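Undergrad: As input, take protein.txt (compact mmCIF, C-alpha atoms (C1' of nucleotides)):
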```txt
# COMPACT_ATOMS: atom_id res chain seq x y z
CA MET N 932 45.00 -7.74 6.88
CA GLU N 933 47.20 -6.90 3.95
CA GLU N 934 44.57 -4.79 2.43
CA PRO N 935 45.72 -1.87 0.36
CA THR N 936 45.21 0.55 3.19
CA SER N 937 43.55 3.51 1.65
CA THR N 938 42.75 2.22 -1.80
CA ASP N 939 39.43 3.66 -0.90
CA THR N 940 37.68 0.37 -1.37
CA PRO N 941 34.16 1.37 -2.24
CA ALA N 942 33.10 -1.84 -0.58
CA GLY N 943 30.31 -0.07 1.18
CA CYS N 944 29.20 2.19 -1.57
CA SER N 945 26.19 0.02 -2.11
CA ILE N 946 25.42 0.30 1.56
CA GLN N 947 25.87 4.02 1.36
CA ALA N 948 23.63 4.17 -1.67
CA SER N 949 21.01 2.18 0.20
CA LEU N 950 21.29 4.49 3.16
CA ASP N 951 20.79 7.50 0.93
CA VAL N 952 17.35 6.08 0.30
CA LEU N 953 16.54 4.52 3.65
CA GLY N 954 18.71 6.78 5.72
CA ASP N 955 16.84 7.29 8.93
CA ARG N 956 14.81 5.45 11.47
CA TRP N 957 11.43 6.76 10.35
CA THR N 958 11.92 5.56 6.82
CA ILE N 959 12.62 2.04 7.99
CA LEU N 960 9.64 2.06 10.32
CA ILE N 961 7.45 3.24 7.45
CA LEU N 962 8.67 0.31 5.40
CA ARG N 963 8.05 -2.07 8.26
CA ASP N 964 4.47 -0.84 8.34
CA SER N 965 4.23 -1.18 4.58
CA PHE N 966 5.17 -4.83 4.82
CA ARG N 967 2.51 -5.22 7.45
CA GLY N 968 -0.03 -3.85 5.00
CA VAL N 969 -0.34 -0.25 6.07
CA ARG N 970 -0.94 1.99 3.08
CA ARG N 971 -2.61 5.23 4.02
CA PHE N 972 -1.19 8.44 5.30
CA ASP N 973 -3.25 8.57 8.44
CA ASP N 974 -2.68 4.93 9.25
CA PHE N 975 1.05 5.45 9.10
CA ARG N 976 0.72 8.54 11.17
CA ARG N 977 -1.35 6.92 13.86
CA ASP N 978 0.64 3.74 14.00
CA LEU N 979 4.03 5.38 14.11
CA ASP N 980 3.03 8.49 15.98
CA ILE N 981 5.16 10.45 13.57
CA ALA N 982 4.90 14.18 12.95
CA ARG N 983 2.92 14.92 9.79
CA PRO N 984 5.52 16.96 7.95
CA VAL N 985 8.11 14.27 8.53
CA LEU N 986 5.78 11.59 7.25
CA THR N 987 4.98 13.67 4.18
CA GLU N 988 8.63 14.17 3.43
CA ARG N 989 9.59 10.53 3.98
CA LEU N 990 6.77 9.18 1.85
CA LYS N 991 7.70 11.57 -0.90
CA ARG N 992 11.30 10.46 -0.77
CA LEU N 993 10.33 6.81 -0.88
CA VAL N 994 8.07 7.46 -3.85
CA ASP N 995 10.78 9.48 -5.60
CA ASN N 996 13.15 6.59 -5.12
CA GLY N 997 10.69 4.06 -6.44
CA VAL N 998 10.34 2.13 -3.22
CA LEU N 999 6.71 3.04 -2.76
CA ALA N 1000 4.14 3.96 -5.40
CA ARG N 1001 1.22 6.30 -5.02
CA HIS N 1002 -2.05 4.68 -6.06
CA LEU N 1003 -5.36 6.43 -6.42
CA TYR N 1004 -7.83 4.47 -4.35
CA CYS N 1005 -10.68 6.92 -4.30
CA GLU N 1006 -11.80 9.12 -7.17
CA ARG N 1007 -14.29 11.54 -5.78
CA PRO N 1008 -12.17 13.09 -3.13
CA PRO N 1009 -8.88 12.10 -4.71
CA ARG N 1010 -7.13 9.88 -2.22
CA TYR N 1011 -3.89 8.05 -2.63
CA GLU N 1012 -2.32 5.13 -0.89
CA TYR N 1013 1.29 4.12 -0.74
CA ARG N 1014 2.18 0.63 -1.85
CA LEU N 1015 5.43 -1.24 -2.01
CA THR N 1016 6.85 -1.55 -5.50
CA THR N 1017 8.95 -4.48 -6.64
CA ARG N 1018 11.96 -2.51 -5.59
CA GLY N 1019 10.37 -2.00 -2.21
CA MET N 1020 9.49 -5.67 -1.85
CA ALA N 1021 13.14 -6.41 -2.51
CA LEU N 1022 13.91 -4.81 0.84
CA SER N 1023 12.26 -7.72 2.57
CA PRO N 1024 15.52 -9.54 3.33
CA THR N 1025 16.88 -6.40 4.95
CA LEU N 1026 13.86 -5.91 7.15
CA VAL N 1027 13.76 -9.58 8.03
CA ALA N 1028 17.43 -9.55 8.94
CA LEU N 1029 16.87 -6.52 11.14
CA MET N 1030 13.91 -8.10 12.84
CA ARG N 1031 15.69 -11.35 13.46
CA TRP N 1032 18.67 -9.61 14.95
CA GLY N 1033 16.37 -7.80 17.34
CA ASP N 1034 14.68 -11.06 18.18
CA ASP N 1035 17.90 -12.91 18.74
CA TRP N 1036 19.93 -10.34 20.56
CA LEU N 1037 17.75 -7.66 22.04
CA SER N 1038 14.43 -9.11 23.02
CA GLU N 1039 13.80 -10.06 26.57
CA GLY N 1040 12.07 -13.37 26.26
CA ALA N 1041 10.43 -14.64 23.15
CA ALA N 1042 10.02 -13.07 19.76
CA PRO N 1043 6.84 -11.04 19.32
CA THR N 1044 6.39 -12.19 15.77
CA VAL N 1045 7.43 -15.30 13.96
CA LEU N 1046 7.89 -15.42 10.22
CA VAL N 1047 6.84 -18.62 8.59
CA HIS N 1048 7.04 -20.33 5.25
CA GLU N 1049 3.55 -19.72 3.97
CA ALA N 1050 3.33 -23.06 2.19
CA CYS N 1051 3.89 -25.18 5.28
CA GLY N 1052 3.60 -22.84 8.23
CA HIS N 1053 6.99 -23.64 9.69
CA PRO N 1054 9.37 -20.92 10.85
CA LEU N 1055 11.75 -19.72 8.22
CA ASP N 1056 15.44 -19.14 8.46
CA GLN N 1057 17.64 -16.72 6.58
CA GLN N 1058 20.91 -18.06 5.27
CA PHE N 1059 23.83 -17.43 3.00
CA VAL N 1060 23.82 -19.90 0.16
CA CYS N 1061 26.49 -20.99 -2.27
CA TRP N 1062 24.87 -22.50 -5.31
CA GLU N 1063 28.15 -24.00 -6.44
CA CYS N 1064 28.76 -25.95 -3.27
CA ASP N 1065 25.03 -26.23 -2.76
CA GLU N 1066 25.31 -25.47 0.92
CA THR N 1067 24.40 -22.86 3.45
CA PHE N 1068 26.92 -21.14 5.66
CA THR N 1069 27.58 -18.48 8.27
CA PRO N 1070 28.99 -14.96 8.25
CA TYR N 1071 32.37 -16.39 9.19
CA ASP N 1072 32.65 -18.10 5.82
CA ILE N 1073 32.25 -14.95 3.78
CA ALA N 1074 35.03 -13.18 1.95
CA SER N 1075 34.74 -10.10 -0.23
CA ARG N 1076 36.56 -9.05 -3.32
CA PRO N 1077 36.33 -6.14 -5.71
CA GLY N 1078 33.58 -6.66 -8.21
CA PRO N 1079 33.32 -5.61 -11.84
CA GLY N 1080 32.16 -2.18 -10.79
CA SER N 1081 35.04 -1.46 -8.48
CA ALA N 1082 37.55 1.32 -8.83
CA ALA N 1083 39.74 -0.89 -11.01
CA ALA N 1084 39.25 1.79 -13.65
CA HIS N 1085 42.05 3.75 -12.00
CA MET H 1447 -2.97 7.25 23.14
CA GLU H 1448 -5.48 4.43 23.08
CA GLU H 1449 -3.36 2.16 20.99
CA PRO H 1450 -5.43 -1.03 20.79
CA THR H 1451 -7.32 0.59 17.95
CA SER H 1452 -5.92 -1.48 15.15
CA THR H 1453 -4.74 -5.05 15.29
CA ASP H 1454 -1.78 -3.60 17.08
CA THR H 1455 0.57 -6.34 15.97
CA PRO H 1456 3.84 -5.56 17.61
CA ALA H 1457 5.35 -7.17 14.55
CA GLY H 1458 7.92 -4.48 14.31
CA CYS H 1459 8.93 -4.23 17.90
CA SER H 1460 12.04 -6.20 17.14
CA ILE H 1461 12.77 -3.88 14.29
CA GLN H 1462 12.18 -0.94 16.54
CA ALA H 1463 14.45 -2.44 19.15
CA SER H 1464 17.12 -2.93 16.52
CA LEU H 1465 16.72 0.63 15.38
CA ASP H 1466 17.14 1.87 18.91
CA VAL H 1467 20.63 0.47 18.69
CA LEU H 1468 21.47 1.09 15.04
CA GLY H 1469 19.26 4.08 14.61
CA ASP H 1470 21.02 6.33 12.21
CA ARG H 1471 23.08 6.31 9.09
CA TRP H 1472 26.44 6.87 10.81
CA THR H 1473 26.02 3.87 13.05
CA ILE H 1474 25.43 1.60 10.11
CA LEU H 1475 28.38 3.03 8.23
CA ILE H 1476 30.55 2.48 11.29
CA LEU H 1477 29.46 -1.13 11.32
CA ARG H 1478 30.14 -1.48 7.63
CA ASP H 1479 33.67 -0.30 8.30
CA SER H 1480 33.96 -2.67 11.23
CA PHE H 1481 33.15 -5.58 8.97
CA ARG H 1482 35.82 -4.33 6.62
CA GLY H 1483 38.34 -4.48 9.42
CA VAL H 1484 38.47 -0.89 10.59
CA ARG H 1485 39.00 -0.71 14.34
CA ARG H 1486 40.53 2.56 15.38
CA PHE H 1487 38.98 5.89 16.11
CA ASP H 1488 40.99 7.83 13.60
CA ASP H 1489 40.58 5.24 10.88
CA PHE H 1490 36.82 5.44 11.24
CA ARG H 1491 37.03 9.17 11.26
CA ARG H 1492 39.14 9.41 8.16
CA ASP H 1493 37.27 6.79 6.24
CA LEU H 1494 33.82 8.08 7.02
CA ASP H 1495 34.67 11.74 7.21
CA ILE H 1496 32.50 11.93 10.28
CA ALA H 1497 32.62 14.66 12.89
CA ARG H 1498 34.59 13.60 15.94
CA PRO H 1499 31.92 14.21 18.57
CA VAL H 1500 29.45 12.20 16.55
CA LEU H 1501 31.88 9.33 16.16
CA THR H 1502 32.63 9.38 19.88
CA GLU H 1503 28.97 9.25 20.71
CA ARG H 1504 28.15 6.49 18.21
CA LEU H 1505 31.03 4.28 19.27
CA LYS H 1506 30.03 4.68 22.87
CA ARG H 1507 26.48 3.71 22.07
CA LEU H 1508 27.58 0.64 20.14
CA VAL H 1509 29.85 -0.40 23.00
CA ASP H 1510 27.08 0.19 25.55
CA ASN H 1511 24.83 -2.02 23.50
CA GLY H 1512 27.39 -4.76 23.21
CA VAL H 1513 27.78 -4.52 19.45
CA LEU H 1514 31.38 -3.39 19.63
CA ALA H 1515 33.90 -4.00 22.39
CA ARG H 1516 36.71 -1.72 23.43
CA HIS H 1517 40.06 -3.48 23.47
CA LEU H 1518 43.27 -2.03 24.84
CA TYR H 1519 45.83 -2.42 22.10
CA CYS H 1520 48.51 -0.15 23.48
CA GLU H 1521 49.46 0.22 27.13
CA ARG H 1522 51.70 3.21 27.43
CA PRO H 1523 49.51 5.78 25.89
CA PRO H 1524 46.34 3.87 26.61
CA ARG H 1525 44.75 3.25 23.25
CA TYR H 1526 41.66 1.31 22.50
CA GLU H 1527 40.25 -0.23 19.42
CA TYR H 1528 36.71 -1.14 18.65
CA ARG H 1529 35.97 -4.68 17.60
CA LEU H 1530 32.82 -6.46 16.64
CA THR H 1531 31.45 -8.72 19.31
CA THR H 1532 29.46 -11.85 18.57
CA ARG H 1533 26.36 -9.74 18.76
CA GLY H 1534 27.89 -7.37 16.27
CA MET H 1535 28.90 -10.16 13.93
CA ALA H 1536 25.31 -11.27 13.99
CA LEU H 1537 24.44 -8.11 12.12
CA SER H 1538 26.18 -9.46 9.08
CA PRO H 1539 22.98 -10.64 7.36
CA THR H 1540 21.49 -7.19 7.80
CA LEU H 1541 24.47 -5.44 6.29
CA VAL H 1542 24.69 -7.96 3.49
CA ALA H 1543 21.02 -7.54 2.72
CA LEU H 1544 21.41 -3.79 2.61
CA MET H 1545 24.41 -4.04 0.34
CA ARG H 1546 22.75 -6.43 -2.02
CA TRP H 1547 19.69 -4.25 -2.29
CA GLY H 1548 21.91 -1.34 -3.22
CA ASP H 1549 23.71 -3.50 -5.75
CA ASP H 1550 20.54 -4.83 -7.28
CA TRP H 1551 18.40 -1.73 -7.33
CA LEU H 1552 20.48 1.37 -7.04
CA SER H 1553 23.84 0.86 -8.64
CA GLU H 1554 24.41 2.06 -12.11
CA GLY H 1555 26.25 -0.80 -13.72
CA ALA H 1556 28.03 -3.50 -11.81
CA ALA H 1557 28.40 -4.06 -8.11
CA PRO H 1558 31.53 -2.55 -6.58
CA THR H 1559 32.05 -5.49 -4.28
CA VAL H 1560 31.17 -9.11 -4.58
CA LEU H 1561 30.74 -11.32 -1.57
CA VAL H 1562 31.94 -14.85 -2.04
CA HIS H 1563 31.85 -18.14 -0.24
CA GLU H 1564 35.32 -18.24 1.22
CA ALA H 1565 35.68 -21.98 0.78
CA CYS H 1566 35.18 -21.99 -2.96
CA GLY H 1567 35.35 -18.39 -4.08
CA HIS H 1568 31.98 -18.36 -5.77
CA PRO H 1569 29.49 -15.57 -5.23
CA LEU H 1570 27.07 -16.14 -2.42
CA ASP H 1571 23.37 -15.64 -2.31
CA GLN H 1572 21.11 -14.81 0.59
CA GLN H 1573 17.89 -16.74 0.86
CA PHE H 1574 14.99 -17.59 3.04
CA VAL H 1575 15.11 -21.24 4.00
CA CYS H 1576 12.53 -23.61 5.34
CA TRP H 1577 14.22 -26.53 7.02
CA GLU H 1578 11.01 -28.52 7.07
CA CYS H 1579 10.45 -28.36 3.35
CA ASP H 1580 14.19 -28.15 2.80
CA GLU H 1581 13.82 -25.48 0.19
CA THR H 1582 14.61 -21.85 -0.40
CA PHE H 1583 11.98 -19.28 -1.26
CA THR H 1584 11.20 -15.63 -1.90
CA PRO H 1585 9.65 -12.79 0.09
CA TYR H 1586 6.33 -13.58 -1.53
CA ASP H 1587 6.15 -16.90 0.28
CA ILE H 1588 6.46 -15.43 3.73
CA ALA H 1589 3.64 -15.13 6.22
CA SER H 1590 3.84 -13.82 9.77
CA ARG H 1591 2.03 -14.76 12.89
CA PRO H 1592 2.17 -13.70 16.52
CA GLY H 1593 4.98 -15.45 18.32
CA PRO H 1594 5.24 -16.61 21.93
CA GLY H 1595 6.29 -13.13 23.00
CA SER H 1596 3.36 -11.35 21.45
CA ALA H 1597 0.92 -9.17 23.32
CA ALA H 1598 -1.10 -12.25 24.28
CA ALA H 1599 0.27 -11.73 27.78
CA HIS H 1600 -1.92 -8.65 28.21
C1' DT V 1001 62.61 21.26 22.17
C1' DA V 1002 59.59 21.00 18.36
C1' DG V 1003 56.47 18.47 15.92
C1' DG V 1004 53.40 14.60 15.27
C1' DT V 1005 49.79 10.94 16.55
C1' DC V 1006 45.73 9.38 18.71
C1' DA V 1007 41.53 9.93 21.05
C1' DG V 1008 38.90 12.58 22.59
C1' DT V 1009 35.97 17.36 24.54
C1' DT V 1010 33.92 22.07 24.04
C1' DC V 1011 31.51 25.31 21.63
C1' DG V 1012 28.53 28.10 18.50
C1' DG V 1013 26.00 27.93 14.34
C1' DA V 1014 23.30 25.22 10.93
C1' DT V 1015 20.08 21.59 10.21
C1' DT V 1016 16.16 18.82 11.44
C1' DC V 1017 12.32 17.32 14.29
C1' DT V 1018 8.25 18.25 16.55
C1' DG V 1019 3.55 19.67 17.90
C1' DA V 1020 -0.05 22.77 17.12
C1' DA V 1021 -2.68 25.21 14.14
C1' DC V 1022 -4.52 25.88 9.69
C1' DC V 1023 -6.30 24.51 4.92
C1' DA V 1024 -8.92 22.15 1.26
C1' DA V 1025 -12.01 18.91 -0.77
C1' DG V 1026 -15.33 15.93 -0.05
C1' DT V 1027 -18.91 13.17 2.80
C1' DC V 1028 -22.71 12.53 6.05
C1' DG V 1029 -26.74 13.68 9.07
C1' DG V 1030 -30.56 16.45 9.73
C1' DC O 732 -28.20 24.35 3.43
C1' DC O 733 -25.49 23.97 7.81
C1' DG O 734 -22.29 22.12 10.74
C1' DA O 735 -19.41 18.26 11.99
C1' DC O 736 -16.22 14.92 10.43
C1' DT O 737 -12.55 12.53 7.54
C1' DT O 738 -8.32 12.37 4.88
C1' DG O 739 -4.14 14.26 3.52
C1' DG O 740 -1.77 17.52 3.61
C1' DT O 741 1.06 22.69 4.63
C1' DT O 742 3.02 26.43 7.61
C1' DC O 743 5.22 27.97 11.44
C1' DA O 744 7.93 28.62 15.74
C1' DG O 745 10.60 26.44 19.25
C1' DA O 746 13.32 22.40 20.79
C1' DA O 747 16.45 18.91 19.93
C1' DT O 748 20.27 17.35 17.10
C1' DC O 749 24.16 17.56 14.15
C1' DC O 750 28.23 19.32 12.54
C1' DG O 751 32.92 21.54 11.80
C1' DA O 752 36.55 23.95 13.88
C1' DA O 753 39.35 24.58 17.47
C1' DC O 754 41.24 22.97 21.70
C1' DT O 755 43.18 19.42 25.20
C1' DG O 756 46.14 15.96 26.89
C1' DA O 757 48.94 12.01 27.00
C1' DC O 758 52.44 10.09 24.73
C1' DC O 759 56.27 9.24 21.04
C1' DT O 760 60.15 10.48 17.82
C1' DA O 761 64.01 13.27 16.03
```
Please lay out the structure from this file as structure tokens.

TA:
Amino acid sequence: MEEPTSTDTPAGCSIQASLDVLGDRWTILILRDSFRGVRRFDDFRRDLDIARPVLTERLKRLVDNGVLARHLYCERPPRYEYRLTTRGMALSPTLVALMRWGDDWLSEGAAPTVLVHEACGHPLDQQFVCWECDETFTPYDIASRPGPGSAAAH
Amino acid sequence: MEEPTSTDTPAGCSIQASLDVLGDRWTILILRDSFRGVRRFDDFRRDLDIARPVLTERLKRLVDNGVLARHLYCERPPRYEYRLTTRGMALSPTLVALMRWGDDWLSEGAAPTVLVHEACGHPLDQQFVCWECDETFTPYDIASRPGPGSAAAH
DNA sequence: TAGGTCAGTTCGGATTCTGAACCAAGTCGG
DNA sequence: CCGACTTGGTTCAGAATCCGAACTGACCTA
């Protein structure tokens, strides 16, 4: 509790930065669809039942931020599809965590979708890992401390 | 509309359910603060620089959804503080994932905060784990399939 | 008594979302 | 060639939100 009250720990700045990109509910739902393989404007629109201008704006933002990339998939009438980039794929743990929380704490009954380890087909788990101790652990065993990029510059 | 058009995997229903609770950027920032130990109305307000009515509404929603709980911490002028419940604590992996993505892909330079394994002080990692194979793996090794709660009931 | 803290509520204006209509470029059937 | 259809948008007005500023109200402290 002895934290330096208002040292303005930028502890969440990375979260804030992430939210500047992901920000709102539609964006996250678009990404969910992306992970499910949806790539085209109209497929997003139909699946999400999202207003066109909003979809346009969100896709543009995701492309601008390098989360999705616009690929030409048809020459003659130029048509583009939106695919996850490496940066976008890196959001997988976030989406998985969100989905699992919904499964565990909000769903009435069983989970609608199960994620499995592709190699063996068994359900996967998501864990915190310490490579030093070589063990997994829970949220209760986490501590935080200012990193190299903190406001130590002061 | 006639939804059964596509495969109609409700894969994201859990994500959607989660978003119904977390929904917008303020809610997530409030939770970030909660994990950092912030509990009181005015502390949230000052730290986030959020409009009061919005904070009121968001806190109420989080309490209604059992993510935060309202605890009386002062009798005489009745004052409440907002604490994470077990359900709220369970959001830790989501917040951590979001923070790490920001660290890894958005931050210029080093991460402002490092999460460590409390027991040993070494940085932690977040991984997908298969307890059958007893190994950790990446997003590329994930597959999904309809779970017991899928639309099979229809 | 005056001033301060904490946790709100009320209110009007500024954003943002939304659906409906329109546009453009190309394809297909006849 | 004509008209209908598809895909991926844009424009626009009205509705729903969000927000900051000001106010309230219960209490404490000097």

Undergrad: Computed after least-squares fitting of chain H to chain N on all C-alpha atoms in order, what is the RMSD in Å?

TA: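 Overlaying the two chains on their C-alpha atoms yields 2.9 Å.
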
Undergrad: Report, in Å with one decimal, the straight-line distance from atom CA of Leu1046 of chain N to atom CA of Gly968 of chain N.

TA: 15.0 Å

Undergrad: What is the distance between atom CA of Leu990 of chain N and atom CA of Ser1038 of chain N, in Å to one decimal?

TA: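 Pair atom CA of Leu990 of chain N / atom CA of Ser1038 of chain N returns 29.0 Å.
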
Undergrad: Just need the residues of chain O within 8 Å of chain H, counting all atoms listed in the file, so spit them out as a PDB file with C-alpha atoms (C1' of nucleotides), keeping the file's coordinate frame.

TA:
```
ATOM      1  C1'  DC O 749      24.160  17.560  14.150  1.00  0.00           C
ATOM      2  C1'  DC O 750      28.230  19.320  12.540  1.00  0.00           C
ATOM      3  C1'  DG O 751      32.920  21.540  11.800  1.00  0.00           C
ATOM      4  C1'  DA O 757      48.940  12.010  27.000  1.00  0.00           C
ATOM      5  C1'  DC O 758      52.440  10.090  24.730  1.00  0.00           C
TER       6       DC O 758
END
```

Undergrad: Return the neighbours of chain N among the residues of chain H, cut-off 6 Å, counting all atoms listed in the file, as a ChimeraX atom specification.

TA: /H:1457,1460-1461,1463-1464,1469-1471,1539-1540,1543-1545,1548-1549,1556-1564,1570-1576,1587-1596

Undergrad: Got a sec to pull out which chain V residues are within 7 Å of chain N, counting only C-alpha atoms (C1' of nucleotides), and send them as a list in words?

TA: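 The complete set of qualifying residues is DT1018, DA1025 and DG1026 of chain V.
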
Undergrad: Which residue, O:DC736, O:DA761, O:DG745, O:DT755, has the smallest gap to DG1019 of chain V when you use all atoms listed in the file?

TA: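 Residue with the minimum atom-to-atom distance to DG1019 of chain V: O:DG745.
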